[in-house]
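Working notes, structure below.
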Amino acid sequence: MMKSLFGCNTKFEGREKEFFKRFLFNAIVKFEVLKREKVKVVGGEGLAVTVEGKDPVKKEKVRAKVVFGKRGDRVIGFYITQWRPMDGSYDLSAFDIFDKFVTSFKFLKKSFYETL
């Protein structure tokens, strides 16, 4: 899913911090960063962050991957989440499909701000 991400920082590292302050905050999940890497997305540089969090109340865990990119001066992002019981395992093939989608994504036309 591509979406306007929480925050207003135009630097990836700053936006990552803003994003994870609010991401799934209703679930009382505290995230641990598993992997952070620079990637190429929508024709430019980007940042991919993979995290895992645990909800001890519901006895669930969640794995998420967020890919930040830029469209002009704006930070855009793609993310996937996968919930499992604490003792369950993730379907990592879903993350492979997500990665293929993100790397193949292209905008069909210029944004309003790019036309100014």
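Naming scheme: A, B, ... for chains in displayed order of the structure tokens; residues 1 onward per chain; ligands 1 onward as shown.
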Practice task
Would you list, as a ChimeraX atom specification, the residues of chain A that end up in helix (DSSP H, G or I) under DSSP run on this structure's backbone?
Solution key: /A:12-22,25-27,92-104,113-115
Please produce a file of the residues just selected, as a short mmCIF file (atom, residue, chain, number, x, y, z; two decimals), in the first residue's frame, where the atoms kept are N, CA, C and O atoms.
data_model
loop_
_atom_site.label_atom_id
_atom_site.label_comp_id
_atom_site.auth_asym_id
_atom_site.auth_seq_id
_atom_site.Cartn_x
_atom_site.Cartn_y
_atom_site.Cartn_z
N PHE A 12 14.90 10.68 5.22
CA PHE A 12 14.39 9.33 5.48
C PHE A 12 14.53 8.91 6.95
O PHE A 12 13.61 8.36 7.53
N GLU A 13 15.70 9.16 7.53
CA GLU A 13 15.93 8.72 8.91
C GLU A 13 14.98 9.43 9.88
O GLU A 13 14.45 8.83 10.80
N GLY A 14 14.77 10.73 9.66
CA GLY A 14 13.83 11.48 10.49
C GLY A 14 12.41 11.01 10.31
O GLY A 14 11.64 10.87 11.26
N ARG A 15 12.05 10.72 9.06
CA ARG A 15 10.69 10.25 8.79
C ARG A 15 10.46 8.88 9.39
O ARG A 15 9.38 8.57 9.89
N GLU A 16 11.50 8.04 9.38
CA GLU A 16 11.39 6.71 9.99
C GLU A 16 11.02 6.84 11.47
O GLU A 16 10.12 6.16 11.96
N LYS A 17 11.70 7.72 12.20
CA LYS A 17 11.41 7.92 13.62
C LYS A 17 9.99 8.43 13.82
O LYS A 17 9.27 7.96 14.71
N GLU A 18 9.57 9.39 13.02
CA GLU A 18 8.21 9.93 13.12
C GLU A 18 7.17 8.84 12.83
O GLU A 18 6.17 8.71 13.52
N PHE A 19 7.44 8.05 11.80
CA PHE A 19 6.51 7.01 11.39
C PHE A 19 6.28 5.98 12.48
O PHE A 19 5.16 5.65 12.83
N PHE A 20 7.37 5.46 13.04
CA PHE A 20 7.23 4.38 14.02
C PHE A 20 6.74 4.86 15.39
O PHE A 20 6.38 4.04 16.23
N LYS A 21 6.68 6.17 15.63
CA LYS A 21 6.05 6.68 16.85
C LYS A 21 4.54 6.43 16.80
O LYS A 21 3.91 6.21 17.82
N ARG A 22 3.96 6.49 15.60
CA ARG A 22 2.51 6.39 15.45
C ARG A 22 2.01 5.11 14.81
O ARG A 22 0.85 4.77 14.93
N PHE A 25 0.04 2.32 16.83
CA PHE A 25 0.12 2.73 18.24
C PHE A 25 -1.06 2.22 19.06
O PHE A 25 -0.94 2.02 20.26
N ASN A 26 -2.19 1.95 18.44
CA ASN A 26 -3.35 1.41 19.18
C ASN A 26 -3.13 -0.03 19.63
O ASN A 26 -3.81 -0.51 20.52
N ALA A 27 -2.20 -0.72 19.00
CA ALA A 27 -1.94 -2.12 19.34
C ALA A 27 -0.93 -2.27 20.48
O ALA A 27 -0.65 -3.38 20.90
N LEU A 92 7.15 -15.52 4.75
CA LEU A 92 8.11 -14.59 4.17
C LEU A 92 7.94 -14.41 2.67
O LEU A 92 8.42 -13.43 2.10
N SER A 93 7.23 -15.31 2.01
CA SER A 93 7.00 -15.16 0.57
C SER A 93 6.15 -13.92 0.29
O SER A 93 6.29 -13.29 -0.76
N ALA A 94 5.31 -13.52 1.23
CA ALA A 94 4.51 -12.30 1.05
C ALA A 94 5.42 -11.07 0.99
O ALA A 94 5.15 -10.13 0.24
N PHE A 95 6.51 -11.08 1.75
CA PHE A 95 7.45 -9.97 1.72
C PHE A 95 8.22 -9.94 0.41
O PHE A 95 8.56 -8.86 -0.09
N ASP A 96 8.49 -11.10 -0.18
CA ASP A 96 9.14 -11.16 -1.49
C ASP A 96 8.23 -10.55 -2.56
O ASP A 96 8.69 -9.79 -3.42
N ILE A 97 6.96 -10.86 -2.51
CA ILE A 97 5.99 -10.30 -3.47
C ILE A 97 5.91 -8.78 -3.29
O ILE A 97 5.89 -8.02 -4.26
N PHE A 98 5.87 -8.34 -2.03
CA PHE A 98 5.86 -6.91 -1.73
C PHE A 98 7.08 -6.23 -2.33
O PHE A 98 6.98 -5.17 -2.97
N ASP A 99 8.27 -6.81 -2.14
CA ASP A 99 9.51 -6.23 -2.68
C ASP A 99 9.46 -6.12 -4.20
O ASP A 99 9.88 -5.11 -4.77
N LYS A 100 8.93 -7.13 -4.86
CA LYS A 100 8.81 -7.09 -6.32
C LYS A 100 7.87 -5.98 -6.76
O LYS A 100 8.13 -5.27 -7.74
N PHE A 101 6.76 -5.81 -6.03
CA PHE A 101 5.83 -4.73 -6.35
C PHE A 101 6.50 -3.37 -6.20
O PHE A 101 6.43 -2.52 -7.09
N VAL A 102 7.17 -3.16 -5.08
CA VAL A 102 7.79 -1.86 -4.80
C VAL A 102 8.86 -1.54 -5.84
O VAL A 102 8.91 -0.42 -6.35
N THR A 103 9.71 -2.50 -6.20
CA THR A 103 10.77 -2.23 -7.17
C THR A 103 10.21 -2.00 -8.58
O THR A 103 10.83 -1.31 -9.37
N SER A 104 9.04 -2.53 -8.87
CA SER A 104 8.46 -2.35 -10.20
C SER A 104 7.53 -1.14 -10.29
O SER A 104 7.11 -0.76 -11.38
N TYR A 113 2.61 18.85 -7.86
CA TYR A 113 3.74 19.68 -7.48
C TYR A 113 4.85 19.65 -8.52
O TYR A 113 5.59 20.61 -8.69
N GLU A 114 4.97 18.55 -9.25
CA GLU A 114 5.98 18.46 -10.31
C GLU A 114 5.58 19.26 -11.55
O GLU A 114 6.42 19.56 -12.38
N THR A 115 4.31 19.60 -11.67
CA THR A 115 3.85 20.37 -12.82
C THR A 115 3.93 21.86 -12.59
O THR A 115 3.72 22.63 -13.53
#
Exercise for the section: Write down as number ranges by chain the residues belonging to chain A that are assigned strand (DSSP E or B) by DSSP computed on the backbone. Expected result: A: 2-3, 30-41, 44-55, 60-71, 74-85
Handout entry: 9 Å contact set for Phe31 in chain A, only C-alpha atoms, chain neighbours under 2 positions out, as a ChimeraX atom specification
Key = /A:20,29,33,51-54,62-63
Completion exercise
Using only C-alpha atoms, the best pick from A:Lys40, A:Lys65, A:Lys59, A:Arg74 as closest to Gly88 in chain A would be A:Lys59
Practice task
Take CA of Lys106 in chain A and CA of Leu34 in chain A and report the distance between them in Å, one decimal.
Solution key: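 Interatomic distance here is 27.3 Å.
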Practice task
Could you tell me how far CA of Ile80 in chain A lies from CA of Phe105 in chain A, in Å and to one decimal?
Solution key: 14.9 Å
